[in-house]
Each structure stands twice: as C-alpha cells, then as structure tokens.
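Q: So I've got this file, upload-v3.pdb, and it contains PDB, C-alpha atoms, pLDDT in the B column:
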```pdb
MODEL        1
ATOM      1  CA  MET A  20     127.800 113.267 109.690  1.00 41.00           C
ATOM      2  CA  ALA A  21     126.809 111.467 106.494  1.00 54.00           C
ATOM      3  CA  ASN A  22     124.021 112.897 104.398  1.00 64.00           C
ATOM      4  CA  PRO A  23     120.665 111.219 105.087  1.00 82.00           C
ATOM      5  CA  ILE A  24     119.629 108.722 102.427  1.00 88.00           C
ATOM      6  CA  GLN A  25     116.659 109.656 100.275  1.00 93.00           C
ATOM      7  CA  TYR A  26     114.587 106.873  98.731  1.00 95.00           C
ATOM      8  CA  GLU A  27     112.534 106.415  95.593  1.00 96.00           C
ATOM      9  CA  ALA A  28     110.262 103.379  95.243  1.00 97.00           C
ATOM     10  CA  PRO A  29     108.773 102.885  91.768  1.00 97.00           C
ATOM     11  CA  THR A  30     105.655 100.723  91.463  1.00 96.00           C
ATOM     12  CA  TRP A  31     105.304  97.668  89.245  1.00 96.00           C
ATOM     13  CA  ASN A  32     103.115  99.686  86.858  1.00 97.00           C
ATOM     14  CA  GLN A  33     105.676 102.461  86.630  1.00 97.00           C
ATOM     15  CA  ILE A  34     108.424  99.947  85.920  1.00 98.00           C
ATOM     16  CA  HIS A  35     106.426  98.217  83.210  1.00 97.00           C
ATOM     17  CA  LYS A  36     105.681 101.561  81.534  1.00 98.00           C
ATOM     18  CA  MET A  37     109.361 102.460  81.658  1.00 98.00           C
ATOM     19  CA  LEU A  38     110.328  99.170  80.043  1.00 98.00           C
ATOM     20  CA  LEU A  39     107.611  99.499  77.408  1.00 97.00           C
ATOM     21  CA  ASN A  40     109.021 102.897  76.508  1.00 97.00           C
ATOM     22  CA  GLN A  41     112.539 101.451  76.450  1.00 97.00           C
ATOM     23  CA  ALA A  42     111.515  98.604  74.160  1.00 95.00           C
ATOM     24  CA  GLN A  43     109.961 101.091  71.767  1.00 94.00           C
ATOM     25  CA  LYS A  44     113.210 103.086  71.728  1.00 95.00           C
ATOM     26  CA  ILE A  45     115.203  99.948  70.912  1.00 94.00           C
ATOM     27  CA  HIS A  46     112.748  98.969  68.161  1.00 90.00           C
ATOM     28  CA  LYS A  47     113.429 102.299  66.460  1.00 93.00           C
ATOM     29  CA  THR A  48     117.193 101.784  66.308  1.00 93.00           C
ATOM     30  CA  PRO A  49     119.270  99.634  63.935  1.00 92.00           C
ATOM     31  CA  PHE A  50     120.460  97.617  66.941  1.00 92.00           C
ATOM     32  CA  GLN A  51     118.403  94.463  67.433  1.00 87.00           C
ATOM     33  CA  PRO A  52     119.855  92.054  70.018  1.00 90.00           C
ATOM     34  CA  ASP A  53     120.313  88.343  69.456  1.00 88.00           C
ATOM     35  CA  ILE A  54     120.507  87.659  73.183  1.00 90.00           C
ATOM     36  CA  ILE A  55     119.420  89.555  76.277  1.00 92.00           C
ATOM     37  CA  ILE A  56     121.617  89.051  79.315  1.00 93.00           C
ATOM     38  CA  ALA A  57     120.730  90.188  82.813  1.00 92.00           C
ATOM     39  CA  ILE A  58     123.098  91.182  85.569  1.00 90.00           C
ATOM     40  CA  ALA A  59     121.774  89.233  88.537  1.00 86.00           C
ATOM     41  CA  GLN A  60     120.044  89.980  90.637  1.00 84.00           C
ATOM     42  CA  GLY A  61     118.791  93.460  89.858  1.00 90.00           C
ATOM     43  CA  GLY A  62     118.573  93.046  86.094  1.00 93.00           C
ATOM     44  CA  THR A  63     116.766  89.705  86.056  1.00 92.00           C
ATOM     45  CA  ILE A  64     113.168  90.947  86.134  1.00 94.00           C
ATOM     46  CA  PRO A  65     113.674  93.939  83.799  1.00 95.00           C
ATOM     47  CA  ALA A  66     115.437  91.633  81.327  1.00 93.00           C
ATOM     48  CA  ARG A  67     112.566  89.152  81.375  1.00 92.00           C
ATOM     49  CA  ILE A  68     110.025  91.908  80.713  1.00 94.00           C
ATOM     50  CA  LEU A  69     112.156  93.381  77.929  1.00 93.00           C
ATOM     51  CA  THR A  70     112.391  89.937  76.353  1.00 90.00           C
ATOM     52  CA  ASP A  71     108.610  89.800  76.227  1.00 89.00           C
ATOM     53  CA  LEU A  72     108.258  93.330  74.863  1.00 91.00           C
ATOM     54  CA  LEU A  73     111.032  93.141  72.275  1.00 88.00           C
ATOM     55  CA  ALA A  74     109.742  89.836  70.931  1.00 78.00           C
ATOM     56  CA  LEU A  75     106.502  91.578  69.954  1.00 49.00           C
ATOM     57  CA  LYS A  76     108.197  93.089  66.905  1.00 50.00           C
ATOM     58  CA  ASN A  77     109.009  89.745  65.355  1.00 48.00           C
ATOM     59  CA  PRO A  78     107.478  86.694  67.077  1.00 51.00           C
ATOM     60  CA  GLN A  79     109.612  84.420  64.868  1.00 51.00           C
ATOM     61  CA  THR A  80     112.818  85.791  66.366  1.00 51.00           C
ATOM     62  CA  THR A  81     114.216  83.828  69.276  1.00 53.00           C
ATOM     63  CA  ILE A  82     115.549  86.085  72.013  1.00 55.00           C
ATOM     64  CA  ILE A  83     117.180  84.384  74.963  1.00 58.00           C
ATOM     65  CA  THR A  84     117.269  85.823  78.439  1.00 58.00           C
ATOM     66  CA  THR A  85     119.846  84.543  80.877  1.00 57.00           C
ATOM     67  CA  SER A  86     120.737  85.719  84.351  1.00 47.00           C
ATOM     68  CA  THR A  87     123.963  83.796  84.702  1.00 63.00           C
ATOM     69  CA  ILE A  88     126.128  86.896  85.127  1.00 74.00           C
ATOM     70  CA  GLU A  89     126.182  87.713  88.814  1.00 74.00           C
ATOM     71  CA  ILE A  90     128.113  90.714  90.069  1.00 74.00           C
ATOM     72  CA  LYS A  91     128.519  91.647  93.721  1.00 68.00           C
ATOM     73  CA  TYR A  92     129.144  95.292  94.486  1.00 60.00           C
ATOM     74  CA  TYR A  93     127.081  96.682  97.368  1.00 56.00           C
ATOM     75  CA  THR A  94     127.297  95.331 100.916  1.00 55.00           C
ATOM     76  CA  ASN A  95     124.539  97.577 102.276  1.00 52.00           C
ATOM     77  CA  ILE A  96     122.491 100.614 101.285  1.00 58.00           C
ATOM     78  CA  ALA A  97     124.862 103.154  99.690  1.00 54.00           C
ATOM     79  CA  GLN A  98     127.853 101.096 100.873  1.00 53.00           C
ATOM     80  CA  PRO A  99     129.746  99.636  97.896  1.00 55.00           C
ATOM     81  CA  ASN A 100     132.832  97.484  97.940  1.00 57.00           C
ATOM     82  CA  LYS A 101     135.962  99.033  96.491  1.00 60.00           C
ATOM     83  CA  HIS A 102     135.480  97.075  93.263  1.00 69.00           C
ATOM     84  CA  PRO A 103     132.677  94.895  91.876  1.00 79.00           C
ATOM     85  CA  THR A 104     133.300  91.156  91.719  1.00 79.00           C
ATOM     86  CA  LEU A 105     132.156  88.742  89.024  1.00 81.00           C
ATOM     87  CA  LYS A 106     130.602  85.995  91.160  1.00 80.00           C
ATOM     88  CA  GLN A 107     129.125  83.900  88.362  1.00 80.00           C
ATOM     89  CA  PRO A 108     130.399  84.181  84.782  1.00 81.00           C
ATOM     90  CA  LEU A 109     128.359  83.608  81.647  1.00 86.00           C
ATOM     91  CA  THR A 110     127.690  79.964  80.841  1.00 84.00           C
ATOM     92  CA  ILE A 111     126.203  80.130  77.326  1.00 87.00           C
ATOM     93  CA  PRO A 112     128.014  80.754  74.013  1.00 88.00           C
ATOM     94  CA  ILE A 113     127.678  84.302  72.688  1.00 91.00           C
ATOM     95  CA  ALA A 114     130.412  84.451  70.052  1.00 92.00           C
ATOM     96  CA  ASN A 115     129.438  86.669  67.117  1.00 93.00           C
ATOM     97  CA  LYS A 116     126.202  87.704  68.834  1.00 92.00           C
ATOM     98  CA  LYS A 117     124.736  91.133  69.546  1.00 92.00           C
ATOM     99  CA  ILE A 118     123.936  91.471  73.237  1.00 94.00           C
ATOM    100  CA  LEU A 119     121.560  93.655  75.200  1.00 95.00           C
ATOM    101  CA  LEU A 120     122.968  93.807  78.735  1.00 95.00           C
ATOM    102  CA  VAL A 121     120.316  94.693  81.314  1.00 95.00           C
ATOM    103  CA  ASP A 122     120.513  95.919  84.897  1.00 94.00           C
ATOM    104  CA  ASP A 123     118.089  97.845  87.089  1.00 95.00           C
ATOM    105  CA  ILE A 124     120.362 100.857  87.631  1.00 94.00           C
ATOM    106  CA  SER A 125     123.725 102.274  86.636  1.00 93.00           C
ATOM    107  CA  ASP A 126     124.868 103.677  89.958  1.00 89.00           C
ATOM    108  CA  SER A 127     128.640 104.017  89.809  1.00 87.00           C
ATOM    109  CA  GLY A 128     128.637 102.153  86.497  1.00 88.00           C
ATOM    110  CA  GLN A 129     131.294  99.713  87.701  1.00 88.00           C
ATOM    111  CA  SER A 130     129.051  96.645  87.399  1.00 87.00           C
ATOM    112  CA  LEU A 131     128.028  97.491  83.833  1.00 91.00           C
ATOM    113  CA  LYS A 132     131.641  98.109  82.888  1.00 90.00           C
ATOM    114  CA  LEU A 133     132.824  94.773  84.314  1.00 89.00           C
ATOM    115  CA  ALA A 134     129.943  92.847  82.729  1.00 91.00           C
ATOM    116  CA  LYS A 135     130.491  94.433  79.330  1.00 92.00           C
ATOM    117  CA  GLN A 136     134.194  93.580  79.439  1.00 91.00           C
ATOM    118  CA  HIS A 137     133.274  89.988  80.302  1.00 91.00           C
ATOM    119  CA  LEU A 138     130.911  89.735  77.307  1.00 93.00           C
ATOM    120  CA  THR A 139     133.551  91.134  74.977  1.00 94.00           C
ATOM    121  CA  GLN A 140     136.014  88.516  76.227  1.00 92.00           C
ATOM    122  CA  LYS A 141     133.357  85.865  75.498  1.00 92.00           C
ATOM    123  CA  GLY A 142     133.179  86.987  71.866  1.00 95.00           C
ATOM    124  CA  ALA A 143     130.153  89.297  71.667  1.00 95.00           C
ATOM    125  CA  THR A 144     130.360  91.410  68.512  1.00 95.00           C
ATOM    126  CA  GLU A 145     128.343  94.295  69.988  1.00 95.00           C
ATOM    127  CA  THR A 146     126.937  95.015  73.449  1.00 96.00           C
ATOM    128  CA  LYS A 147     124.408  97.694  74.292  1.00 97.00           C
ATOM    129  CA  THR A 148     123.424  98.419  77.878  1.00 97.00           C
ATOM    130  CA  ALA A 149     119.961  99.146  79.266  1.00 97.00           C
ATOM    131  CA  THR A 150     118.839 100.147  82.748  1.00 97.00           C
ATOM    132  CA  LEU A 151     115.694 101.556  84.294  1.00 98.00           C
ATOM    133  CA  TYR A 152     117.596 104.245  86.199  1.00 97.00           C
ATOM    134  CA  THR A 153     120.949 105.921  85.930  1.00 96.00           C
ATOM    135  CA  LYS A 154     122.744 108.210  88.355  1.00 93.00           C
ATOM    136  CA  THR A 155     124.259 111.534  87.334  1.00 90.00           C
ATOM    137  CA  THR A 156     127.560 110.335  88.802  1.00 87.00           C
ATOM    138  CA  THR A 157     127.770 107.072  86.851  1.00 92.00           C
ATOM    139  CA  GLN A 158     131.028 106.359  85.069  1.00 90.00           C
ATOM    140  CA  THR A 159     129.252 104.108  82.565  1.00 90.00           C
ATOM    141  CA  PRO A 160     126.156 105.805  81.143  1.00 94.00           C
ATOM    142  CA  PRO A 161     123.873 103.129  79.691  1.00 96.00           C
ATOM    143  CA  ASP A 162     122.860 103.223  76.042  1.00 97.00           C
ATOM    144  CA  TYR A 163     119.225 103.101  77.129  1.00 97.00           C
ATOM    145  CA  ALA A 164     117.925 104.469  80.431  1.00 97.00           C
ATOM    146  CA  GLU A 165     114.520 105.786  81.401  1.00 97.00           C
ATOM    147  CA  LYS A 166     115.107 107.983  84.421  1.00 97.00           C
ATOM    148  CA  THR A 167     117.946 109.809  86.151  1.00 96.00           C
ATOM    149  CA  ALA A 168     117.942 109.913  89.952  1.00 93.00           C
ATOM    150  CA  ASN A 169     120.288 110.623  92.820  1.00 90.00           C
ATOM    151  CA  SER A 170     118.193 108.917  95.493  1.00 92.00           C
ATOM    152  CA  TRP A 171     118.492 105.280  96.573  1.00 93.00           C
ATOM    153  CA  ILE A 172     116.071 103.316  94.400  1.00 96.00           C
ATOM    154  CA  VAL A 173     114.049 100.590  96.121  1.00 96.00           C
ATOM    155  CA  PHE A 174     112.623  98.256  93.503  1.00 97.00           C
ATOM    156  CA  PRO A 175     109.566  96.120  94.348  1.00 96.00           C
ATOM    157  CA  TRP A 176     111.617  92.924  94.040  1.00 95.00           C
ATOM    158  CA  GLU A 177     114.029  93.984  96.794  1.00 94.00           C
ATOM    159  CA  ILE A 178     111.863  95.459  99.561  1.00 96.00           C
ATOM    160  CA  LYS A 179     112.657  92.717 102.079  1.00 95.00           C
ATOM    161  CA  GLU A 180     116.367  92.973 101.311  1.00 93.00           C
ATOM    162  CA  THR A 181     116.192  96.742 101.869  1.00 94.00           C
ATOM    163  CA  LEU A 182     114.434  96.328 105.217  1.00 95.00           C
ATOM    164  CA  GLN A 183     117.038  93.793 106.328  1.00 93.00           C
ATOM    165  CA  HIS A 184     119.843  96.178 105.405  1.00 91.00           C
ATOM    166  CA  ILE A 185     118.206  98.986 107.372  1.00 93.00           C
ATOM    167  CA  LEU A 186     117.893  96.780 110.445  1.00 93.00           C
ATOM    168  CA  GLN A 187     121.535  95.729 110.129  1.00 90.00           C
ATOM    169  CA  LYS A 188     122.719  99.299 109.698  1.00 89.00           C
ATOM    170  CA  HIS A 189     120.512 100.956 112.326  1.00 89.00           C
ATOM    171  CA  LYS A 190     120.431  99.014 115.593  1.00 88.00           C
ATOM    172  CA  ASP A 191     118.453 101.783 117.304  1.00 91.00           C
ATOM    173  CA  ALA A 192     114.726 101.107 116.809  1.00 91.00           C
ATOM    174  CA  GLN A 193     113.786 104.767 116.454  1.00 94.00           C
ATOM    175  CA  THR A 194     116.381 105.378 113.757  1.00 93.00           C
ATOM    176  CA  ALA A 195     115.241 102.289 111.863  1.00 93.00           C
ATOM    177  CA  ASN A 196     111.609 103.375 112.154  1.00 95.00           C
ATOM    178  CA  ASN A 197     112.543 106.763 110.730  1.00 95.00           C
ATOM    179  CA  GLU A 198     113.992 104.997 107.683  1.00 95.00           C
ATOM    180  CA  PHE A 199     110.840 102.893 107.332  1.00 96.00           C
ATOM    181  CA  THR A 200     108.746 106.075 107.388  1.00 96.00           C
ATOM    182  CA  LYS A 201     110.903 107.516 104.615  1.00 96.00           C
ATOM    183  CA  LEU A 202     110.350 104.362 102.570  1.00 96.00           C
ATOM    184  CA  ILE A 203     106.593 104.692 102.943  1.00 97.00           C
ATOM    185  CA  LYS A 204     106.741 108.330 101.849  1.00 96.00           C
ATOM    186  CA  ALA A 205     108.867 107.250  98.879  1.00 96.00           C
ATOM    187  CA  GLY A 206     106.152 104.880  97.689  1.00 95.00           C
ATOM    188  CA  VAL A 207     106.475 101.540  99.500  1.00 96.00           C
ATOM    189  CA  PRO A 208     102.920 100.573 100.608  1.00 96.00           C
ATOM    190  CA  LYS A 209     102.652 100.833 104.389  1.00 96.00           C
ATOM    191  CA  GLN A 210     100.749  97.559 104.812  1.00 96.00           C
ATOM    192  CA  LEU A 211     103.176  95.672 102.588  1.00 96.00           C
ATOM    193  CA  LEU A 212     106.148  97.057 104.509  1.00 96.00           C
ATOM    194  CA  ALA A 213     104.577  95.958 107.804  1.00 96.00           C
ATOM    195  CA  GLN A 214     103.854  92.464 106.474  1.00 96.00           C
ATOM    196  CA  ILE A 215     107.389  91.977 105.173  1.00 95.00           C
ATOM    197  CA  LEU A 216     108.904  93.420 108.330  1.00 94.00           C
ATOM    198  CA  LYS A 217     106.908  90.925 110.352  1.00 93.00           C
ATOM    199  CA  THR A 218     108.433  88.014 108.440  1.00 92.00           C
ATOM    200  CA  ILE A 219     111.904  89.354 109.252  1.00 91.00           C
ATOM    201  CA  GLN A 220     111.308  89.934 112.933  1.00 81.00           C
ATOM    202  CA  GLU A 221     109.297  86.813 113.749  1.00 70.00           C
ATOM    203  CA  PRO A 222     111.398  84.006 115.243  1.00 57.00           C
ATOM    204  CA  GLN A 223     112.055  81.160 112.856  1.00 50.00           C
ATOM    205  CA  LEU A 224     110.677  77.863 114.182  1.00 45.00           C
TER     206      LEU A 224
ENDMDL
END
```
Spit out the file's structure as structure tokens when you get a sec.
A:
Amino acid sequence: MANPIQYEAPTWNQIHKMLLNQAQKIHKTPFQPDIIIAIAQGGTIPARILTDLLALKNPQTTIITTSTIEIKYYTNIAQPNKHPTLKQPLTIPIANKKILLVDDISDSGQSLKLAKQHLTQKGATETKTATLYTKTTTQTPPDYAEKTANSWIVFPWEIKETLQHILQKHKDAQTANNEFTKLIKAGVPKQLLAQILKTIQEPQL
C-alpha cells in the first residue's frame, strides 16, 4: 500500500513573506537578473511578485517577466510522468542576458533542469533558479529557496486543480472526503474548499 499523502497549504501572506525574503537575498548577491522567466504554470505568480519586489532596488531598471516556458510533468498528485516535456518554448530573445528562472517548487528537479538547459540553448549567459519550496530528494537544488518540505504543497492558485485531481484519483466518496479533511487541516480554509468543490460538482448548464 502506498504511503498516505501529507499536504501543506501555505497562505497568500506566507507566500508573499517568503518571496520578500527571497528578493532581499538576491539583492545582497552580485547576481542581478536582466529578465525573470517563469515556468508555467506554477512559477507564474511567484515570478510576478518577485518582479515587483526586485524592481524596488532600482526603479529605473526594466525587468521583464514572461511565462512562455511551459513544462508538463505531473499527471496527478504525486504521479509524475517518466520525463518532463517542454510544451511551450521561450518566445523572447535572451541572448547575452542574465536570467532568474522561477518555479513554485523543485520537487524532483527535472523541470528546472530542462528549463535551464533550454535557456542556455537560447543564449542566456547565466541562469539562477528560485523556488518557494524544495524537496530533500530534488536532483536540482535551486539557487534560492525558502523552505524545504517532503509533503505535497497545495498553493492557493491551484486549490481547484488539487480537488479535481483528488476526485479523479479517489472514486470512493469517503476516501475523497478524507483527503479533503487533510487539506483543511493543512491550511486550506474549509469554507473556500466547500465553495470550490461546489463549482466542480454542480452540473454545467
């Protein structure tokens, strides 16, 4: 029998504090990115917030955020494909630029590795990686990470997706409800979970 999945659900405030701390770390290093690139979809929101926070150091500096790198790896909760796939390559020029590559988590590290290789092929002179979380088992430790965890992280921008995956994986209602209870204990607001779940289960007219 597979080990039961444990969840962690950081709040928006916690995430913003983590990114503020990360931006301060980056400010203190010689590395200052020309462009911030997100791995869609998980890295899109953290990258946008980092763009805002890093620009505070020098408002005259133009930092671009793009989410045109899309990598598909997981098919369900804790169920990865054998290899990540680059679904949407970069569409802007980055030759001779320093890149900050952002994702929400470095789980196996395969997505970061593939994305970094892609940026090197596109001509980036230097690429640093940043994530909110990293796993102890990752093969690609990010240059900047705020927290190490071994649980399944449920970010506030993917709660509905998580609920859909649980319903797909657990056809038995009681088993699914047990997972929902674990999510609530992990930090997902009970009322919010119920409201989102209702949108999934209501028939579409």
Q: Using the chain letters and numbers from the file, which residues does the PyMOL selection byres ((chain A and resi 40) around 12) grab, as a PyMOL selection string?
A: chain A and resi 33-39+41-47+68-69+72-73+149-151+163-166
Q: Could you save those same residues with C-alpha atoms as a compact mmCIF listing (two decimals), in the frame of the given file?
A:
```txt
# COMPACT_ATOMS: atom_id res chain seq x y z
CA GLN A 33 105.68 102.46 86.63
CA ILE A 34 108.42 99.95 85.92
CA HIS A 35 106.43 98.22 83.21
CA LYS A 36 105.68 101.56 81.53
CA MET A 37 109.36 102.46 81.66
CA LEU A 38 110.33 99.17 80.04
CA LEU A 39 107.61 99.50 77.41
CA GLN A 41 112.54 101.45 76.45
CA ALA A 42 111.52 98.60 74.16
CA GLN A 43 109.96 101.09 71.77
CA LYS A 44 113.21 103.09 71.73
CA ILE A 45 115.20 99.95 70.91
CA HIS A 46 112.75 98.97 68.16
CA LYS A 47 113.43 102.30 66.46
CA ILE A 68 110.02 91.91 80.71
CA LEU A 69 112.16 93.38 77.93
CA LEU A 72 108.26 93.33 74.86
CA LEU A 73 111.03 93.14 72.28
CA ALA A 149 119.96 99.15 79.27
CA THR A 150 118.84 100.15 82.75
CA LEU A 151 115.69 101.56 84.29
CA TYR A 163 119.22 103.10 77.13
CA ALA A 164 117.92 104.47 80.43
CA GLU A 165 114.52 105.79 81.40
CA LYS A 166 115.11 107.98 84.42
```
Q: Expanded to explicit residues, what is the PyMOL selection byres ((chain A and resi 124) around 12) for this file, as a ChimeraX atom specification?
A: /A:57-63,65,120-123,125-131,148-157,159-161,163-174
Q: To one decimal place, how far is atom CA of Glu89 of chain A from atom CA of Lys135 of chain A in Å?
A: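 Here the two named atoms are 12.4 Å from each other.
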Q: Produce the centre coordinates and the three edge lengths, each in Å to one decimal, of the box along x, y and z that contains all listed atoms of segment 109-125 of chain A with 4 Å added on each side, as AutoDock Vina command-line options.
A:
```
--center_x 124.3 --center_y 91.1 --center_z 77.4 --size_x 20.3 --size_y 30.3 --size_z 28.5
```
Q: Rounded to one decimal, what separation in Å do you get between atom CA of Lys141 of chain A and atom CA of Ile113 of chain A?
A: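 If I compute the distance from atom CA of Lys141 of chain A to atom CA of Ile113 of chain A, I get 6.5 Å.
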Q: Figure out the distance between atom CA of Ala205 of chain A and atom CA of Pro29 of chain A, please, to one decimal in Å.
A: 8.3 Å
Q: Can you tell me which residues surround segment 180-187 of chain A at a distance of at most 8 Å, considering only C-alpha atoms, apart from same-chain residues fewer than 2 positions away, and format the answer as a list of chain:residue names?
A: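 Contacts, with the query itself left out: A:Asn95, A:Ile96, A:Val173, A:Glu177, A:Ile178, A:His189, A:Lys190, A:Ala195, A:Glu198, A:Phe199, A:Leu216, A:Ile219.
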Q: Could you take the residues named above and write them with C-alpha atoms, as a PDB file, in the frame of the given file?
A:
```
ATOM      1  CA  ASN A  95     124.539  97.577 102.276  1.00 52.00           C
ATOM      2  CA  ILE A  96     122.491 100.614 101.285  1.00 58.00           C
ATOM      3  CA  VAL A 173     114.049 100.590  96.121  1.00 96.00           C
ATOM      4  CA  GLU A 177     114.029  93.984  96.794  1.00 94.00           C
ATOM      5  CA  ILE A 178     111.863  95.459  99.561  1.00 96.00           C
ATOM      6  CA  HIS A 189     120.512 100.956 112.326  1.00 89.00           C
ATOM      7  CA  LYS A 190     120.431  99.014 115.593  1.00 88.00           C
ATOM      8  CA  ALA A 195     115.241 102.289 111.863  1.00 93.00           C
ATOM      9  CA  GLU A 198     113.992 104.997 107.683  1.00 95.00           C
ATOM     10  CA  PHE A 199     110.840 102.893 107.332  1.00 96.00           C
ATOM     11  CA  LEU A 216     108.904  93.420 108.330  1.00 94.00           C
ATOM     12  CA  ILE A 219     111.904  89.354 109.252  1.00 91.00           C
TER      13      ILE A 219
END
```
Q: The PyMOL selection byres ((chain A and resi 52) around 8) - which residues does that actually catch in the file I just gave you? List them as a list in words.
A: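 With the shown file as input, the PyMOL selection byres ((chain A and resi 52) around 8) matches Phe50, Gln51, Asp53, Ile54, Ile55, Ile82, Lys116, Lys117, Ile118 and Leu119 of chain A.
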Q: Identify, on the basis of only C-alpha atoms, every residue whose closest approach to Val207 of chain A does not exceed 9 Å; exclude the query and any residue fewer than 4 positions from it along the same chain; express the result as a PyMOL selection string.
A: chain A and resi 27-30+173+175+178+202-203+211-212
Q: Env of Ala114 of chain A: 8 Å cut, atoms = all atoms listed in the file, seq-sep filter 6 positions within chain, self excluded. Answer as an MDAnalysis selection string.
A: chainID A and resid 141:144
